[in-house]
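Structure file work_0.cif (mmCIF, C-alpha atoms) is printed below.
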data_structure
#
loop_
_atom_site.group_PDB
_atom_site.id
_atom_site.type_symbol
_atom_site.label_atom_id
_atom_site.label_comp_id
_atom_site.auth_asym_id
_atom_site.auth_seq_id
_atom_site.Cartn_x
_atom_site.Cartn_y
_atom_site.Cartn_z
ATOM 1 C CA MET C 424 124.297 75.417 173.547
ATOM 2 C CA ALA C 425 127.669 74.394 174.941
ATOM 3 C CA HIS C 426 129.196 77.863 174.910
ATOM 4 C CA LYS C 427 128.199 81.000 176.796
ATOM 5 C CA VAL C 428 128.610 83.397 173.863
ATOM 6 C CA LYS C 429 125.561 85.509 173.028
ATOM 7 C CA ASP C 430 126.698 86.584 169.564
ATOM 8 C CA TYR C 431 123.791 85.996 167.172
ATOM 9 C CA LEU C 432 126.035 84.699 164.384
ATOM 10 C CA LEU C 433 127.727 82.062 166.544
ATOM 11 C CA VAL C 434 124.326 80.934 167.788
ATOM 12 C CA TRP C 435 123.098 80.827 164.174
ATOM 13 C CA HIS C 436 126.010 78.658 163.072
ATOM 14 C CA GLU C 437 125.507 76.265 165.956
ATOM 15 C CA GLY C 438 121.881 76.058 164.826
ATOM 16 C CA GLN C 439 123.033 75.198 161.317
ATOM 17 C CA LEU C 440 125.256 72.440 162.658
ATOM 18 C CA ARG C 441 122.313 71.063 164.641
ATOM 19 C CA ALA C 442 120.113 71.243 161.539
ATOM 20 C CA ASP C 443 122.797 69.397 159.546
ATOM 21 C CA LEU C 444 122.636 66.635 162.166
ATOM 22 C CA ASN C 445 118.809 66.512 161.911
ATOM 23 C CA GLN C 446 118.507 67.906 165.448
ATOM 24 C CA THR C 447 115.614 70.037 164.258
ATOM 25 C CA ALA C 448 114.155 71.132 167.600
ATOM 26 C CA ALA C 449 117.580 72.232 168.872
ATOM 27 C CA ALA C 450 118.302 74.003 165.568
ATOM 28 C CA ILE C 451 115.015 75.915 165.685
ATOM 29 C CA SER C 452 115.641 76.918 169.296
ATOM 30 C CA LEU C 453 119.072 78.273 168.391
ATOM 31 C CA PHE C 454 117.798 80.013 165.260
ATOM 32 C CA ARG C 455 115.166 81.774 167.370
ATOM 33 C CA GLN C 456 117.964 83.095 169.587
ATOM 34 C CA SER C 457 119.706 84.593 166.552
ATOM 35 C CA TYR C 458 117.101 87.257 165.736
ATOM 36 C CA LYS C 459 118.537 90.759 165.689
ATOM 37 C CA PRO C 460 116.795 93.802 167.145
ATOM 38 C CA ALA C 461 115.207 95.681 164.220
ATOM 39 C CA LYS C 462 117.575 98.645 164.583
ATOM 40 C CA GLU C 463 120.561 96.312 164.106
ATOM 41 C CA ASP C 464 119.193 94.658 160.965
ATOM 42 C CA GLN C 465 119.362 97.929 158.997
ATOM 43 C CA GLY C 466 117.215 96.661 156.132
ATOM 44 C CA MET C 467 119.420 93.655 155.417
ATOM 45 C CA GLY C 468 116.702 91.038 155.974
ATOM 46 C CA TRP C 469 118.448 88.911 158.577
ATOM 47 C CA ASN C 470 115.292 88.266 160.603
ATOM 48 C CA LEU C 471 113.422 87.292 157.418
ATOM 49 C CA TYR C 472 116.192 84.805 156.680
ATOM 50 C CA VAL C 473 115.748 83.369 160.167
ATOM 51 C CA ASP C 474 111.949 83.218 159.698
ATOM 52 C CA GLY C 475 112.249 81.399 156.374
ATOM 53 C CA THR C 476 114.812 78.922 157.651
ATOM 54 C CA ILE C 477 112.657 78.050 160.648
ATOM 55 C CA ALA C 478 109.655 77.677 158.339
ATOM 56 C CA PHE C 479 111.664 75.295 156.147
ATOM 57 C CA LEU C 480 112.643 73.162 159.134
ATOM 58 C CA LYS C 481 109.018 73.056 160.273
ATOM 59 C CA GLY C 482 107.808 72.194 156.768
ATOM 60 C CA ASN C 483 105.603 75.308 156.756
ATOM 61 C CA ARG C 484 105.492 76.370 153.089
ATOM 62 C CA ALA C 485 103.103 79.274 153.710
ATOM 63 C CA ALA C 486 105.387 80.881 156.297
ATOM 64 C CA PHE C 487 108.419 80.179 154.097
ATOM 65 C CA HIS C 488 106.826 81.926 151.117
ATOM 66 C CA VAL C 489 105.869 84.930 153.261
ATOM 67 C CA ALA C 490 109.459 85.311 154.466
ATOM 68 C CA LYS C 491 110.816 84.828 150.933
ATOM 69 C CA ALA C 492 108.438 87.415 149.443
ATOM 70 C CA LYS C 493 109.293 89.959 152.134
ATOM 71 C CA LEU C 494 113.009 89.340 151.606
ATOM 72 C CA ALA C 495 112.637 89.749 147.838
ATOM 73 C CA ALA C 496 110.833 93.066 148.356
ATOM 74 C CA LEU C 497 113.617 94.645 150.427
ATOM 75 C CA PRO C 498 115.266 97.538 148.627
ATOM 76 C CA ARG C 499 119.035 97.392 148.431
ATOM 77 C CA PRO C 500 120.412 99.926 150.934
ATOM 78 C CA ALA C 501 121.931 102.913 149.115
ATOM 79 C CA ASN C 502 125.394 102.557 150.626
ATOM 80 C CA PHE C 503 125.500 98.747 150.674
ATOM 81 C CA THR C 504 128.875 97.246 149.769
ATOM 82 C CA MET C 505 130.754 94.116 150.736
ATOM 83 C CA GLU C 506 134.479 93.562 150.754
ATOM 84 C CA ASP C 507 136.758 90.551 150.676
ATOM 85 C CA PRO C 508 139.335 90.032 153.457
ATOM 86 C CA ASP C 509 141.755 92.303 151.563
ATOM 87 C CA GLY C 510 139.237 95.155 151.523
ATOM 88 C CA LYS C 511 138.428 94.834 147.808
ATOM 89 C CA PRO C 512 134.782 95.271 146.764
ATOM 90 C CA VAL C 513 132.873 92.064 146.050
ATOM 91 C CA SER C 514 129.822 91.822 143.813
ATOM 92 C CA VAL C 515 126.924 90.399 145.812
ATOM 93 C CA LYS C 516 123.485 89.345 144.610
ATOM 94 C CA TRP C 517 120.687 91.235 146.354
ATOM 95 C CA PRO C 518 118.860 90.469 148.553
ATOM 96 C CA LEU C 519 121.321 88.618 150.717
ATOM 97 C CA ASN C 520 120.484 84.965 151.367
ATOM 98 C CA MET C 521 117.925 84.756 148.554
ATOM 99 C CA ASN C 522 120.151 82.102 146.983
ATOM 100 C CA VAL C 523 119.717 80.037 150.162
ATOM 101 C CA PHE C 524 115.936 80.415 150.029
ATOM 102 C CA GLU C 525 115.953 79.350 146.378
ATOM 103 C CA SER C 526 118.000 76.269 147.267
ATOM 104 C CA LEU C 527 115.715 75.369 150.193
ATOM 105 C CA GLU C 528 112.668 75.786 147.965
ATOM 106 C CA ARG C 529 114.093 73.603 145.177
ATOM 107 C CA ARG C 530 114.844 70.866 147.695
ATOM 108 C CA TRP C 531 111.740 71.236 149.859
ATOM 109 C CA GLY C 532 111.221 68.216 152.096
ATOM 110 C CA ARG C 533 114.861 67.143 151.927
ATOM 111 C CA PRO C 534 117.144 67.307 154.959
ATOM 112 C CA TYR C 535 118.543 70.770 155.698
ATOM 113 C CA LYS C 536 122.103 69.596 155.036
ATOM 114 C CA ILE C 537 121.146 68.719 151.451
ATOM 115 C CA ALA C 538 118.650 71.518 150.851
ATOM 116 C CA TYR C 539 120.959 74.284 152.084
ATOM 117 C CA ASN C 540 123.720 73.361 149.647
ATOM 118 C CA CYS C 541 123.358 76.285 147.222
#
Structure rendered as structure tokens:
Amino acid sequence: MAHKVKDYLLVWHEGQLRADLNQTAAAISLFRQSYKPAKEDQGMGWNLYVDGTIAFLKGNRAAFHVAKAKLAALPRPANFTMEDPDGKPVSVKWPLNMNVFESLERRWGRPYKIAYNC
């Protein structure tokens, strides 16, 4: 990691860039640093998304399917909304990031850069 920022999302995105470059070990290390404390996740499934992505990079189908099933089982939070940059509500498929898991699963065994492309 070239920067000193501890923000989980910046670390995550650096991990994605490393994964795109087939720097799998570095990507996994960065992804592991992007876990949120449970109280910060607030039922959104971020840590499950991290688990599944790491499982994909490791080629561990069993762990991937566990993370995917747990993500699919998350209830949509009652007050969950998303907005565009102008503050207008945006329709979002629930659970978040399931579309990424579906893409990774369809392209299992392919490089992350190709498999992630939803």
### Shell of 12 Å around Ala448 in chain C, all atoms listed in the file, local chain residues under 3 positions omitted, as a PyMOL selection string
chain C and resi 438-439+441-445+451-455+477+480-481
Restricted to C-alpha atoms, what would the selected residues look like written as a PDB file, in the frame of the given file?
ATOM      1  CA  GLY C 438     121.881  76.058 164.826  1.00  0.00           C
ATOM      2  CA  GLN C 439     123.033  75.198 161.317  1.00  0.00           C
ATOM      3  CA  ARG C 441     122.313  71.063 164.641  1.00  0.00           C
ATOM      4  CA  ALA C 442     120.113  71.243 161.539  1.00  0.00           C
ATOM      5  CA  ASP C 443     122.797  69.397 159.546  1.00  0.00           C
ATOM      6  CA  LEU C 444     122.636  66.635 162.166  1.00  0.00           C
ATOM      7  CA  ASN C 445     118.809  66.512 161.911  1.00  0.00           C
ATOM      8  CA  ILE C 451     115.015  75.915 165.685  1.00  0.00           C
ATOM      9  CA  SER C 452     115.641  76.918 169.296  1.00  0.00           C
ATOM     10  CA  LEU C 453     119.072  78.273 168.391  1.00  0.00           C
ATOM     11  CA  PHE C 454     117.798  80.013 165.260  1.00  0.00           C
ATOM     12  CA  ARG C 455     115.166  81.774 167.370  1.00  0.00           C
ATOM     13  CA  ILE C 477     112.657  78.050 160.648  1.00  0.00           C
ATOM     14  CA  LEU C 480     112.643  73.162 159.134  1.00  0.00           C
ATOM     15  CA  LYS C 481     109.018  73.056 160.273  1.00  0.00           C
TER      16      LYS C 481
END
### Task
May I ask which of the residues C:Leu527, C:Leu440, C:Val515, C:Ala486 is the closest one to Leu471 in chain C, counting all atoms listed in the file?
C:Ala486
### Query
Could you spell out the hits of the PyMOL selection byres ((chain C and resi 488) around 12) on the shown file, as JSON, numbers by chain?
{"C": [471, 472, 474, 475, 476, 477, 478, 479, 482, 483, 484, 485, 486, 487, 489, 490, 491, 492, 493, 494, 495, 521, 524, 525, 527, 528, 531]}
### Message
Assuming the chain letters and numbering stay as they are in my file, what does the PyMOL selection byres ((chain C and resi 432) around 10) actually select? List them as an NGL selection string.
### Response
:C and (428-431 or 433-438 or 454 or 456-459)
### Query
Please, what distance in Å, to one decimal, runs between CA of Asp507 in chain C and CA of Trp469 in chain C?
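Computing it gives 20.0 Å between the two atoms.
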### Exercise: Arg499 in chain C partners within 12 Å, only C-alpha atoms, chain neighbours under 4 positions left out, as number ranges by chain
C: 465-468, 494-495, 503-504, 515-519
### Task
Go ahead and compute the interatomic distance for CA of Val513 in chain C and CA of Asn540 in chain C, in Å to one decimal.
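Distance between the two atoms: 21.1 Å.
Take CA of Pro508 in chain C and CA of Lys462 in chain C: the distance between them is 25.9 Å.
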Around all the atoms of range 433-436 of chain C listed in the file, draw an axis-aligned box and extend it by 3 Å on each of the six sides; I want its centre and edge lengths in Å to one decimal, as JSON.
{"center_x": 125.4, "center_y": 80.4, "center_z": 165.4, "size_x": 10.6, "size_y": 9.4, "size_z": 10.7}
### Task
Counting all atoms listed in the file, figure out which residue out of C:Asn470, C:Ala461, C:Met505, C:Tyr535 gets nearest to Val523 in chain C.
C:Tyr535
